[in-house]
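Novice: Please read through the structure below; I'll follow up with questions.
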Amino acid sequence: MILDWNTIDTVLLDMDGTILDRHFDDHFWLEHVPQRWAERNHTPLEQAKKQLYALFRSQENSLNWTDLDYWSDRLKLDIPLLKREIEHLIAVHPHVIEFLLFLKHSGKAVWLVTNAHSKTLNLKMNNTRIGHYFDGTICAHQVGVPKEDNGFWDKLQKFISYDPARTLLGEDSETNLTTAQNYGIRYLMYISRYSSKIVPRNSEHFMTIEYFNSLIPEKGQSQIRLSLPK
Ligand SMILES: [Mg+2]
């Protein structure tokens, strides 16, 4: 596939897993929260994990999934405070900054579009200092539905005016790439190395990259030839 940057005006980027290491989020929900919950409820850790994982799954693909206030209330834990306890794990993926600089120099409109709750977003922007590379940030909570919802990408037009035929979306969720594809967003990139702790696998449906430097052309060029990572 040839990607020609002259055919793209707008770049939409997901946050967790796409530009930031999802190890933070995976570790937070799968290890840190069950541990603190087990301590508080005098429950063995394995039992706490079993119970909480089932509870998390029940809210998947809904806005509650990323709503810190919902989980603070439901679990009777101060979730934003617990996030700060492990904030040293928040990290920007390799090559993201050079990609954002390339986009800025090329005059593209660049938006961070995330399902994350505003409290998570603030914590991550304060830790990584990458907010200023973006024209703006949109949280799914503002839009009213998560990116997994087929109506999301149309509703997003109320916040960002974009031409789906001239837009590129980077995501580590194939579900979200599918809803974007259904809406007509033309350039869809799956980020396979969403966590520094996983072995990446190519998507069967979407063009896959491990790192964003694959999308940066040689100086003075607008085109880049993409092939699937080995
Ligand atoms: Mg993500």
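By order of appearance in the structure tokens: chains A, B, ..., then residues from 1 within every chain, and ligands from 1 in the order shown.
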Among region 9-228 of chain A, which residues does DSSP mark as helix (DSSP H, G or I) when it is run on the backbone? Keep the chain and numbering as in the structure and answer as an mmCIF file with N, CA and C atoms, in the first residue's frame.

Specialist:
```cif
data_model
loop_
_atom_site.group_PDB
_atom_site.id
_atom_site.type_symbol
_atom_site.label_atom_id
_atom_site.label_comp_id
_atom_site.auth_asym_id
_atom_site.auth_seq_id
_atom_site.Cartn_x
_atom_site.Cartn_y
_atom_site.Cartn_z
ATOM 1 N N HIS A 23 0.728 -0.793 28.901
ATOM 2 C CA HIS A 23 1.156 -1.550 30.082
ATOM 3 C C HIS A 23 0.633 -0.878 31.363
ATOM 4 N N PHE A 24 0.643 0.457 31.360
ATOM 5 C CA PHE A 24 0.117 1.176 32.527
ATOM 6 C C PHE A 24 -1.325 0.752 32.814
ATOM 7 N N ASP A 25 -2.167 0.795 31.805
ATOM 8 C CA ASP A 25 -3.606 0.516 32.001
ATOM 9 C C ASP A 25 -3.843 -0.960 32.324
ATOM 10 N N ASP A 26 -3.131 -1.836 31.598
ATOM 11 C CA ASP A 26 -3.294 -3.277 31.839
ATOM 12 C C ASP A 26 -2.866 -3.609 33.267
ATOM 13 N N HIS A 27 -1.725 -3.077 33.660
ATOM 14 C CA HIS A 27 -1.236 -3.353 35.013
ATOM 15 C C HIS A 27 -2.191 -2.764 36.060
ATOM 16 N N PHE A 28 -2.694 -1.565 35.767
ATOM 17 C CA PHE A 28 -3.581 -0.897 36.721
ATOM 18 C C PHE A 28 -4.826 -1.731 37.002
ATOM 19 N N TRP A 29 -5.536 -2.108 35.931
ATOM 20 C CA TRP A 29 -6.825 -2.782 36.125
ATOM 21 C C TRP A 29 -6.682 -4.263 36.462
ATOM 22 N N LEU A 30 -5.644 -4.900 35.938
ATOM 23 C CA LEU A 30 -5.529 -6.350 36.127
ATOM 24 C C LEU A 30 -4.755 -6.723 37.391
ATOM 25 N N GLU A 31 -3.908 -5.814 37.884
ATOM 26 C CA GLU A 31 -3.082 -6.136 39.055
ATOM 27 C C GLU A 31 -3.297 -5.165 40.231
ATOM 28 N N HIS A 32 -3.136 -3.864 39.937
ATOM 29 C CA HIS A 32 -3.103 -2.897 41.036
ATOM 30 C C HIS A 32 -4.471 -2.756 41.721
ATOM 31 N N VAL A 33 -5.514 -2.586 40.938
ATOM 32 C CA VAL A 33 -6.857 -2.430 41.528
ATOM 33 C C VAL A 33 -7.278 -3.698 42.277
ATOM 34 N N PRO A 34 -7.136 -4.894 41.689
ATOM 35 C CA PRO A 34 -7.507 -6.095 42.456
ATOM 36 C C PRO A 34 -6.716 -6.221 43.762
ATOM 37 N N GLN A 35 -5.455 -5.833 43.724
ATOM 38 C CA GLN A 35 -4.640 -5.931 44.939
ATOM 39 C C GLN A 35 -5.166 -5.013 46.043
ATOM 40 N N ARG A 36 -5.442 -3.765 45.671
ATOM 41 C CA ARG A 36 -5.946 -2.821 46.680
ATOM 42 C C ARG A 36 -7.350 -3.208 47.161
ATOM 43 N N TRP A 37 -8.151 -3.703 46.251
ATOM 44 C CA TRP A 37 -9.518 -4.109 46.597
ATOM 45 C C TRP A 37 -9.476 -5.310 47.534
ATOM 46 N N ALA A 38 -8.568 -6.252 47.250
ATOM 47 C CA ALA A 38 -8.418 -7.455 48.092
ATOM 48 C C ALA A 38 -7.993 -7.063 49.514
ATOM 49 N N GLU A 39 -7.057 -6.106 49.594
ATOM 50 C CA GLU A 39 -6.598 -5.643 50.916
ATOM 51 C C GLU A 39 -7.766 -5.047 51.699
ATOM 52 N N ARG A 40 -8.520 -4.204 51.013
ATOM 53 C CA ARG A 40 -9.615 -3.499 51.672
ATOM 54 C C ARG A 40 -10.722 -4.438 52.123
ATOM 55 N N ASN A 41 -10.971 -5.480 51.304
ATOM 56 C CA ASN A 41 -12.091 -6.369 51.590
ATOM 57 C C ASN A 41 -11.658 -7.686 52.241
ATOM 58 N N LEU A 45 -6.241 -12.575 46.924
ATOM 59 C CA LEU A 45 -6.039 -11.859 45.668
ATOM 60 C C LEU A 45 -6.653 -12.599 44.471
ATOM 61 N N GLU A 46 -6.477 -13.900 44.406
ATOM 62 C CA GLU A 46 -6.992 -14.654 43.248
ATOM 63 C C GLU A 46 -8.508 -14.532 43.153
ATOM 64 N N GLN A 47 -9.162 -14.574 44.299
ATOM 65 C CA GLN A 47 -10.630 -14.453 44.311
ATOM 66 C C GLN A 47 -11.046 -13.036 43.904
ATOM 67 N N ALA A 48 -10.292 -12.048 44.387
ATOM 68 C CA ALA A 48 -10.589 -10.652 44.041
ATOM 69 C C ALA A 48 -10.465 -10.458 42.533
ATOM 70 N N LYS A 49 -9.416 -11.025 41.945
ATOM 71 C CA LYS A 49 -9.203 -10.892 40.502
ATOM 72 C C LYS A 49 -10.374 -11.493 39.732
ATOM 73 N N LYS A 50 -10.785 -12.684 40.138
ATOM 74 C CA LYS A 50 -11.866 -13.377 39.444
ATOM 75 C C LYS A 50 -13.139 -12.526 39.459
ATOM 76 N N GLN A 51 -13.432 -12.007 40.654
ATOM 77 C CA GLN A 51 -14.653 -11.216 40.838
ATOM 78 C C GLN A 51 -14.581 -9.905 40.041
ATOM 79 N N LEU A 52 -13.441 -9.222 40.136
ATOM 80 C CA LEU A 52 -13.323 -7.916 39.478
ATOM 81 C C LEU A 52 -13.235 -8.045 37.960
ATOM 82 N N TYR A 53 -12.536 -9.053 37.465
ATOM 83 C CA TYR A 53 -12.435 -9.204 36.013
ATOM 84 C C TYR A 53 -13.836 -9.380 35.411
ATOM 85 N N ALA A 54 -14.670 -10.161 36.118
ATOM 86 C CA ALA A 54 -16.044 -10.383 35.628
ATOM 87 C C ALA A 54 -16.825 -9.066 35.645
ATOM 88 N N LEU A 55 -16.611 -8.301 36.693
ATOM 89 C CA LEU A 55 -17.286 -7.005 36.821
ATOM 90 C C LEU A 55 -16.823 -6.060 35.694
ATOM 91 N N PHE A 56 -15.513 -6.020 35.433
ATOM 92 C CA PHE A 56 -14.993 -5.157 34.361
ATOM 93 C C PHE A 56 -15.604 -5.558 33.018
ATOM 94 N N ARG A 57 -15.616 -6.877 32.774
ATOM 95 C CA ARG A 57 -16.135 -7.359 31.473
ATOM 96 C C ARG A 57 -17.586 -6.933 31.265
ATOM 97 N N SER A 58 -18.353 -6.874 32.375
ATOM 98 C CA SER A 58 -19.779 -6.533 32.267
ATOM 99 C C SER A 58 -19.974 -5.095 31.779
ATOM 100 N N LEU A 63 -19.503 3.501 28.265
ATOM 101 C CA LEU A 63 -18.738 4.629 28.796
ATOM 102 C C LEU A 63 -18.312 4.389 30.249
ATOM 103 N N ASN A 64 -19.065 3.528 30.964
ATOM 104 C CA ASN A 64 -18.670 3.206 32.349
ATOM 105 C C ASN A 64 -17.267 2.624 32.412
ATOM 106 N N TRP A 65 -16.909 1.863 31.387
ATOM 107 C CA TRP A 65 -15.606 1.189 31.303
ATOM 108 C C TRP A 65 -14.459 2.132 31.664
ATOM 109 N N THR A 66 -14.528 3.370 31.160
ATOM 110 C CA THR A 66 -13.423 4.316 31.393
ATOM 111 C C THR A 66 -13.803 5.413 32.400
ATOM 112 N N LEU A 68 -13.892 6.894 35.721
ATOM 113 C CA LEU A 68 -13.234 6.685 37.018
ATOM 114 C C LEU A 68 -14.189 6.881 38.180
ATOM 115 N N ASP A 69 -15.135 7.820 38.035
ATOM 116 C CA ASP A 69 -16.086 8.056 39.124
ATOM 117 C C ASP A 69 -17.004 6.850 39.308
ATOM 118 N N TYR A 70 -17.383 6.259 38.176
ATOM 119 C CA TYR A 70 -18.209 5.048 38.238
ATOM 120 C C TYR A 70 -17.490 3.961 39.032
ATOM 121 N N TRP A 71 -16.205 3.732 38.722
ATOM 122 C CA TRP A 71 -15.464 2.643 39.375
ATOM 123 C C TRP A 71 -15.121 2.992 40.825
ATOM 124 N N SER A 72 -14.867 4.267 41.113
ATOM 125 C CA SER A 72 -14.615 4.660 42.505
ATOM 126 C C SER A 72 -15.826 4.313 43.349
ATOM 127 N N ASP A 73 -16.992 4.602 42.792
ATOM 128 C CA ASP A 73 -18.245 4.369 43.498
ATOM 129 C C ASP A 73 -18.543 2.869 43.607
ATOM 130 N N ARG A 74 -18.372 2.197 42.511
ATOM 131 C CA ARG A 74 -18.709 0.771 42.459
ATOM 132 C C ARG A 74 -17.787 -0.077 43.341
ATOM 133 N N LEU A 75 -16.501 0.282 43.352
ATOM 134 C CA LEU A 75 -15.521 -0.533 44.088
ATOM 135 C C LEU A 75 -15.195 0.038 45.468
ATOM 136 N N ILE A 79 -10.136 5.623 42.842
ATOM 137 C CA ILE A 79 -9.454 5.167 41.626
ATOM 138 C C ILE A 79 -8.436 6.207 41.108
ATOM 139 N N PRO A 80 -8.778 7.509 41.043
ATOM 140 C CA PRO A 80 -7.759 8.465 40.582
ATOM 141 C C PRO A 80 -6.496 8.443 41.455
ATOM 142 N N LEU A 81 -6.691 8.279 42.769
ATOM 143 C CA LEU A 81 -5.528 8.219 43.676
ATOM 144 C C LEU A 81 -4.694 6.969 43.393
ATOM 145 N N LEU A 82 -5.381 5.836 43.170
ATOM 146 C CA LEU A 82 -4.648 4.593 42.876
ATOM 147 C C LEU A 82 -3.857 4.730 41.577
ATOM 148 N N LYS A 83 -4.420 5.463 40.618
ATOM 149 C CA LYS A 83 -3.677 5.673 39.354
ATOM 150 C C LYS A 83 -2.393 6.439 39.618
ATOM 151 N N ARG A 84 -2.489 7.425 40.490
ATOM 152 C CA ARG A 84 -1.278 8.213 40.774
ATOM 153 C C ARG A 84 -0.196 7.363 41.446
ATOM 154 N N GLU A 85 -0.628 6.320 42.187
ATOM 155 C CA GLU A 85 0.364 5.449 42.850
ATOM 156 C C GLU A 85 1.292 4.765 41.852
ATOM 157 N N GLU A 87 1.865 6.028 38.617
ATOM 158 C CA GLU A 87 2.014 6.919 37.454
ATOM 159 C C GLU A 87 3.398 6.837 36.803
ATOM 160 N N HIS A 88 4.378 6.271 37.527
ATOM 161 C CA HIS A 88 5.713 6.110 36.923
ATOM 162 C C HIS A 88 5.670 5.145 35.739
ATOM 163 N N LEU A 89 4.575 4.373 35.609
ATOM 164 C CA LEU A 89 4.475 3.444 34.465
ATOM 165 C C LEU A 89 3.899 4.112 33.217
ATOM 166 N N VAL A 96 6.787 8.270 18.803
ATOM 167 C CA VAL A 96 5.551 9.064 18.754
ATOM 168 C C VAL A 96 5.867 10.550 18.591
ATOM 169 N N ILE A 97 6.831 11.049 19.341
ATOM 170 C CA ILE A 97 7.138 12.483 19.301
ATOM 171 C C ILE A 97 7.618 12.883 17.894
ATOM 172 N N GLU A 98 8.484 12.075 17.283
ATOM 173 C CA GLU A 98 8.958 12.431 15.940
ATOM 174 C C GLU A 98 7.806 12.416 14.936
ATOM 175 N N PHE A 99 6.867 11.503 15.119
ATOM 176 C CA PHE A 99 5.694 11.469 14.240
ATOM 177 C C PHE A 99 4.830 12.720 14.438
ATOM 178 N N LEU A 100 4.620 13.114 15.699
ATOM 179 C CA LEU A 100 3.811 14.308 15.975
ATOM 180 C C LEU A 100 4.496 15.563 15.410
ATOM 181 N N LEU A 101 5.819 15.601 15.493
ATOM 182 C CA LEU A 101 6.563 16.739 14.919
ATOM 183 C C LEU A 101 6.419 16.758 13.402
ATOM 184 N N PHE A 102 6.506 15.588 12.778
ATOM 185 C CA PHE A 102 6.323 15.490 11.334
ATOM 186 C C PHE A 102 4.929 16.019 10.942
ATOM 187 N N LEU A 103 3.913 15.621 11.693
ATOM 188 C CA LEU A 103 2.538 16.055 11.375
ATOM 189 C C LEU A 103 2.411 17.570 11.506
ATOM 190 N N LYS A 104 3.018 18.104 12.551
ATOM 191 C CA LYS A 104 2.965 19.538 12.801
ATOM 192 C C LYS A 104 3.646 20.294 11.649
ATOM 193 N N HIS A 105 4.826 19.833 11.271
ATOM 194 C CA HIS A 105 5.564 20.482 10.175
ATOM 195 C C HIS A 105 4.847 20.345 8.848
ATOM 196 N N SER A 118 -11.794 12.213 31.635
ATOM 197 C CA SER A 118 -10.986 13.437 31.702
ATOM 198 C C SER A 118 -9.935 13.389 32.814
ATOM 199 N N LYS A 119 -10.235 12.666 33.916
ATOM 200 C CA LYS A 119 -9.244 12.588 35.010
ATOM 201 C C LYS A 119 -8.022 11.759 34.587
ATOM 202 N N THR A 120 -8.272 10.695 33.812
ATOM 203 C CA THR A 120 -7.164 9.884 33.286
ATOM 204 C C THR A 120 -6.362 10.706 32.287
ATOM 205 N N LEU A 121 -7.094 11.398 31.433
ATOM 206 C CA LEU A 121 -6.455 12.226 30.403
ATOM 207 C C LEU A 121 -5.539 13.266 31.055
ATOM 208 N N ASN A 122 -6.041 13.958 32.078
ATOM 209 C CA ASN A 122 -5.230 14.982 32.743
ATOM 210 C C ASN A 122 -3.975 14.391 33.374
ATOM 211 N N LEU A 123 -4.132 13.265 34.039
ATOM 212 C CA LEU A 123 -2.985 12.611 34.671
ATOM 213 C C LEU A 123 -1.927 12.279 33.614
ATOM 214 N N LYS A 124 -2.397 11.759 32.482
ATOM 215 C CA LYS A 124 -1.446 11.316 31.452
ATOM 216 C C LYS A 124 -0.793 12.494 30.733
ATOM 217 N N MET A 125 -1.562 13.544 30.509
ATOM 218 C CA MET A 125 -0.980 14.718 29.846
ATOM 219 C C MET A 125 0.024 15.409 30.780
ATOM 220 N N ASN A 126 -0.288 15.434 32.086
ATOM 221 C CA ASN A 126 0.649 16.044 33.041
ATOM 222 C C ASN A 126 1.957 15.260 33.123
ATOM 223 N N ASN A 127 1.856 13.943 32.989
ATOM 224 C CA ASN A 127 3.052 13.103 33.088
ATOM 225 C C ASN A 127 3.877 13.081 31.810
ATOM 226 N N THR A 128 3.214 13.212 30.659
ATOM 227 C CA THR A 128 3.945 13.040 29.390
ATOM 228 C C THR A 128 4.230 14.357 28.690
ATOM 229 N N GLY A 131 0.509 17.122 25.286
ATOM 230 C CA GLY A 131 -0.741 17.766 24.873
ATOM 231 C C GLY A 131 -0.570 18.855 23.822
ATOM 232 N N HIS A 132 0.551 19.597 23.906
ATOM 233 C CA HIS A 132 0.708 20.753 23.011
ATOM 234 C C HIS A 132 0.961 20.360 21.554
ATOM 235 N N TYR A 133 1.216 19.085 21.294
ATOM 236 C CA TYR A 133 1.395 18.646 19.903
ATOM 237 C C TYR A 133 0.053 18.520 19.167
ATOM 238 N N ALA A 140 -14.551 10.682 24.671
ATOM 239 C CA ALA A 140 -15.830 10.059 24.303
ATOM 240 C C ALA A 140 -16.947 10.496 25.257
ATOM 241 N N HIS A 141 -16.581 10.811 26.493
ATOM 242 C CA HIS A 141 -17.602 11.242 27.465
ATOM 243 C C HIS A 141 -18.256 12.551 27.021
ATOM 244 N N GLN A 142 -17.499 13.409 26.281
ATOM 245 C CA GLN A 142 -18.089 14.642 25.733
ATOM 246 C C GLN A 142 -19.046 14.293 24.593
ATOM 247 N N VAL A 143 -18.626 13.317 23.778
ATOM 248 C CA VAL A 143 -19.399 12.944 22.590
ATOM 249 C C VAL A 143 -20.688 12.224 22.995
ATOM 250 N N PHE A 152 -20.408 7.031 16.747
ATOM 251 C CA PHE A 152 -19.390 7.916 17.320
ATOM 252 C C PHE A 152 -18.769 8.861 16.296
ATOM 253 N N TRP A 153 -18.331 8.309 15.148
ATOM 254 C CA TRP A 153 -17.505 9.090 14.212
ATOM 255 C C TRP A 153 -18.311 10.190 13.546
ATOM 256 N N ASP A 154 -19.621 9.980 13.409
ATOM 257 C CA ASP A 154 -20.479 11.038 12.885
ATOM 258 C C ASP A 154 -20.691 12.113 13.958
ATOM 259 N N LYS A 155 -20.952 11.673 15.175
ATOM 260 C CA LYS A 155 -21.152 12.628 16.290
ATOM 261 C C LYS A 155 -19.896 13.469 16.520
ATOM 262 N N LEU A 156 -18.744 12.905 16.218
ATOM 263 C CA LEU A 156 -17.469 13.618 16.397
ATOM 264 C C LEU A 156 -17.402 14.882 15.533
ATOM 265 N N GLN A 157 -18.163 14.885 14.428
ATOM 266 C CA GLN A 157 -18.165 16.045 13.519
ATOM 267 C C GLN A 157 -18.641 17.326 14.222
ATOM 268 N N LYS A 158 -19.397 17.154 15.320
ATOM 269 C CA LYS A 158 -19.869 18.329 16.072
ATOM 270 C C LYS A 158 -18.701 19.030 16.764
ATOM 271 N N PRO A 164 -13.923 12.508 6.188
ATOM 272 C CA PRO A 164 -13.485 11.126 6.431
ATOM 273 C C PRO A 164 -12.624 10.576 5.287
ATOM 274 N N ALA A 165 -12.849 11.068 4.072
ATOM 275 C CA ALA A 165 -12.076 10.571 2.919
ATOM 276 C C ALA A 165 -10.634 11.084 2.945
ATOM 277 N N ARG A 166 -10.362 12.111 3.762
ATOM 278 C CA ARG A 166 -9.001 12.673 3.847
ATOM 279 C C ARG A 166 -8.469 12.610 5.284
ATOM 280 N N GLU A 174 -9.239 -2.905 17.158
ATOM 281 C CA GLU A 174 -9.811 -3.242 15.848
ATOM 282 C C GLU A 174 -11.314 -2.944 15.819
ATOM 283 N N THR A 175 -11.954 -3.024 16.975
ATOM 284 C CA THR A 175 -13.378 -2.679 17.038
ATOM 285 C C THR A 175 -13.573 -1.219 16.641
ATOM 286 N N ASN A 176 -12.735 -0.343 17.187
ATOM 287 C CA ASN A 176 -12.868 1.086 16.883
ATOM 288 C C ASN A 176 -12.496 1.377 15.432
ATOM 289 N N LEU A 177 -11.539 0.637 14.885
ATOM 290 C CA LEU A 177 -11.194 0.817 13.468
ATOM 291 C C LEU A 177 -12.379 0.387 12.593
ATOM 292 N N THR A 178 -13.093 -0.627 13.046
ATOM 293 C CA THR A 178 -14.241 -1.112 12.268
ATOM 294 C C THR A 178 -15.372 -0.081 12.262
ATOM 295 N N THR A 179 -15.667 0.529 13.415
ATOM 296 C CA THR A 179 -16.735 1.543 13.423
ATOM 297 C C THR A 179 -16.313 2.743 12.561
ATOM 298 N N ALA A 180 -15.016 3.065 12.573
ATOM 299 C CA ALA A 180 -14.516 4.179 11.745
ATOM 300 C C ALA A 180 -14.611 3.823 10.257
ATOM 301 N N GLN A 181 -14.317 2.583 9.949
ATOM 302 C CA GLN A 181 -14.416 2.117 8.558
ATOM 303 C C GLN A 181 -15.879 2.189 8.087
ATOM 304 N N ASN A 182 -16.795 1.773 8.953
ATOM 305 C CA ASN A 182 -18.217 1.826 8.598
ATOM 306 C C ASN A 182 -18.661 3.256 8.313
ATOM 307 N N TYR A 183 -18.059 4.208 9.007
ATOM 308 C CA TYR A 183 -18.413 5.618 8.783
ATOM 309 C C TYR A 183 -17.734 6.179 7.533
ATOM 310 N N PHE A 212 5.117 4.410 14.885
ATOM 311 C CA PHE A 212 4.697 5.462 13.961
ATOM 312 C C PHE A 212 5.805 5.938 13.013
ATOM 313 N N ASN A 213 7.060 5.573 13.278
ATOM 314 C CA ASN A 213 8.091 6.006 12.323
ATOM 315 C C ASN A 213 7.877 5.358 10.954
ATOM 316 N N SER A 214 7.097 4.257 10.901
ATOM 317 C CA SER A 214 6.777 3.638 9.603
ATOM 318 C C SER A 214 5.965 4.572 8.723
ATOM 319 N N LEU A 215 5.354 5.592 9.305
ATOM 320 C CA LEU A 215 4.488 6.489 8.517
ATOM 321 C C LEU A 215 5.191 7.793 8.136
#
```

Novice: Need the shell around Val11 (chain A): protein/DNA/RNA residues with any atom at most 8 Å away, counting only C-alpha atoms. Skip same-chain ones fewer than 3 positions apart. Format as a list in words?

Specialist: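 After dropping sequence-adjacent residues, the list is Ile8, Lys108, Ala109, Val110, Trp111, Thr167, Leu168, Leu169 and Gly170 of chain A.
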
Novice: Keeping only N, CA and C atoms, write those residues as a short mmCIF file (atom, residue, chain, number, x, y, z; two decimals), in the first residue's frame.

Specialist:
```cif
data_model
loop_
_atom_site.label_atom_id
_atom_site.label_comp_id
_atom_site.auth_asym_id
_atom_site.auth_seq_id
_atom_site.Cartn_x
_atom_site.Cartn_y
_atom_site.Cartn_z
N ILE A 8 -4.12 13.53 2.75
CA ILE A 8 -4.60 13.50 4.14
C ILE A 8 -4.52 14.89 4.77
N LYS A 108 -0.76 19.25 9.21
CA LYS A 108 -1.97 18.43 9.38
C LYS A 108 -2.71 18.85 10.66
N ALA A 109 -4.02 18.69 10.64
CA ALA A 109 -4.80 18.86 11.87
C ALA A 109 -4.67 17.55 12.65
N VAL A 110 -4.25 17.65 13.90
CA VAL A 110 -3.99 16.43 14.69
C VAL A 110 -4.81 16.47 15.97
N TRP A 111 -5.66 15.46 16.14
CA TRP A 111 -6.55 15.41 17.30
C TRP A 111 -6.36 14.13 18.08
N THR A 167 -8.90 11.55 5.99
CA THR A 167 -8.53 11.42 7.40
C THR A 167 -7.82 10.08 7.66
N LEU A 168 -6.82 10.15 8.52
CA LEU A 168 -6.13 8.93 8.97
C LEU A 168 -6.41 8.74 10.46
N LEU A 169 -6.73 7.49 10.83
CA LEU A 169 -6.97 7.16 12.23
C LEU A 169 -5.96 6.11 12.69
N GLY A 170 -5.30 6.36 13.81
CA GLY A 170 -4.42 5.37 14.43
C GLY A 170 -5.05 4.84 15.70
#
```

Novice: Name the closest residue to ligand 1 among the candidates A:Ile160, A:Ile191, A:Ile130, A:Leu12; distances are taken between atoms, counting only C-alpha atoms and all ligand atoms.

Specialist: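 Comparing A:Ile160, A:Ile191, A:Ile130, A:Leu12 against ligand 1, the winner is A:Ile191.
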
Novice: Find the residues of chain A that sit at most 7 Å from ligand 1; for each, write down the nearest two atoms and how far apart they are in Å, to one decimal. Count only C-alpha atoms and all ligand atoms. Sort by chain, then by number going up, and give it as JSON lines.

Specialist:
```
{"residue": "A:Asp14", "atom": "CA", "partner": "ligand 1", "partner_atom_place_in_ligand_line": "1 (Mg)", "distance": 5.6}
{"residue": "A:Met15", "atom": "CA", "partner": "ligand 1", "partner_atom_place_in_ligand_line": "1 (Mg)", "distance": 5.7}
{"residue": "A:Asp16", "atom": "CA", "partner": "ligand 1", "partner_atom_place_in_ligand_line": "1 (Mg)", "distance": 4.2}
{"residue": "A:Gly17", "atom": "CA", "partner": "ligand 1", "partner_atom_place_in_ligand_line": "1 (Mg)", "distance": 4.5}
{"residue": "A:Thr18", "atom": "CA", "partner": "ligand 1", "partner_atom_place_in_ligand_line": "1 (Mg)", "distance": 5.6}
{"residue": "A:Glu171", "atom": "CA", "partner": "ligand 1", "partner_atom_place_in_ligand_line": "1 (Mg)", "distance": 5.9}
{"residue": "A:Asp172", "atom": "CA", "partner": "ligand 1", "partner_atom_place_in_ligand_line": "1 (Mg)", "distance": 4.9}
{"residue": "A:Ser173", "atom": "CA", "partner": "ligand 1", "partner_atom_place_in_ligand_line": "1 (Mg)", "distance": 5.8}
```

Novice: Could you pull out the residues in chain A that DSSP calls strand (DSSP E) from the backbone, as an MDAnalysis selection string?

Specialist: chainID A and resid 2:4 10:13 109:114 136:139 167:171 187:191 207:209 223:225

Novice: For the selection just defined, write its residues with C-alpha atoms to a file, as a CSV table (one decimal), in the first residue's frame.

Specialist:
```
chain,number,residue,atom,x,y,z
A,2,ILE,CA,1.2,3.5,-0.9
A,3,LEU,CA,0.3,6.2,1.6
A,4,ASP,CA,0.4,9.7,0.1
A,10,THR,CA,-6.6,15.3,9.5
A,11,VAL,CA,-5.0,12.7,11.7
A,12,LEU,CA,-7.0,11.3,14.6
A,13,LEU,CA,-5.0,9.4,17.3
A,109,ALA,CA,-4.8,18.9,11.9
A,110,VAL,CA,-4.0,16.4,14.7
A,111,TRP,CA,-6.6,15.4,17.3
A,112,LEU,CA,-6.3,13.1,20.3
A,113,VAL,CA,-9.6,11.2,20.4
A,114,THR,CA,-10.0,8.9,23.4
A,136,GLY,CA,-7.2,19.5,20.7
A,137,THR,CA,-8.5,16.5,22.6
A,138,ILE,CA,-11.9,14.9,22.5
A,139,CYS,CA,-13.1,12.5,25.2
A,167,THR,CA,-8.5,11.4,7.4
A,168,LEU,CA,-6.1,8.9,9.0
A,169,LEU,CA,-7.0,7.2,12.2
A,170,GLY,CA,-4.4,5.4,14.4
A,171,GLU,CA,-5.9,2.9,16.9
A,187,TYR,CA,-6.9,5.5,6.2
A,188,LEU,CA,-7.0,3.1,9.1
A,189,MET,CA,-3.9,2.0,11.0
A,190,TYR,CA,-3.7,-0.7,13.6
A,191,ILE,CA,-1.0,-0.3,16.2
A,207,MET,CA,-2.9,-2.1,7.8
A,208,THR,CA,-0.7,-2.7,10.7
A,209,ILE,CA,2.3,-0.8,12.1
A,223,GLN,CA,4.6,9.1,-0.2
A,224,ILE,CA,5.5,6.1,1.9
A,225,ARG,CA,5.3,2.5,0.9
```

Novice: Excluding Val92 (chain A) and any residue of its chain fewer than 4 positions from it, enumerate the residues within 6 Å of it, using only C-alpha atoms, and give them as number ranges by chain.

Specialist: A: 19-21

Novice: Store the residues picked out above, limited to N, CA and C atoms, as a CSV table (one decimal), in the first residue's frame.

Specialist:
```
chain,number,residue,atom,x,y,z
A,19,ILE,N,-0.6,5.9,21.4
A,19,ILE,CA,0.6,6.7,21.6
A,19,ILE,C,1.2,6.5,22.9
A,20,LEU,N,0.4,6.0,23.9
A,20,LEU,CA,1.0,5.7,25.2
A,20,LEU,C,1.0,4.2,25.5
A,21,ASP,N,2.0,3.8,26.2
A,21,ASP,CA,2.1,2.3,26.5
A,21,ASP,C,0.9,1.8,27.4
```

Novice: Just the number, please: distance in Å from CA of Lys76 (chain A) to CA of His117 (chain A), one decimal.

Specialist: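 Computed distance, CA of Lys76 (chain A) to CA of His117 (chain A), equals 17.9 Å.
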
Novice: Could you please determine the separation between CA of Lys147 (chain A) and CA of Asn115 (chain A) in Å, to one decimal place?

Specialist: 6.7 Å

Novice: Report, in Å to a single decimal, how far apart CA of Asp135 (chain A) and CA of Gly151 (chain A) are.

Specialist: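 Spanning CA of Gly151 (chain A) to CA of Asp135 (chain A) is a straight-line distance of 22.8 Å.
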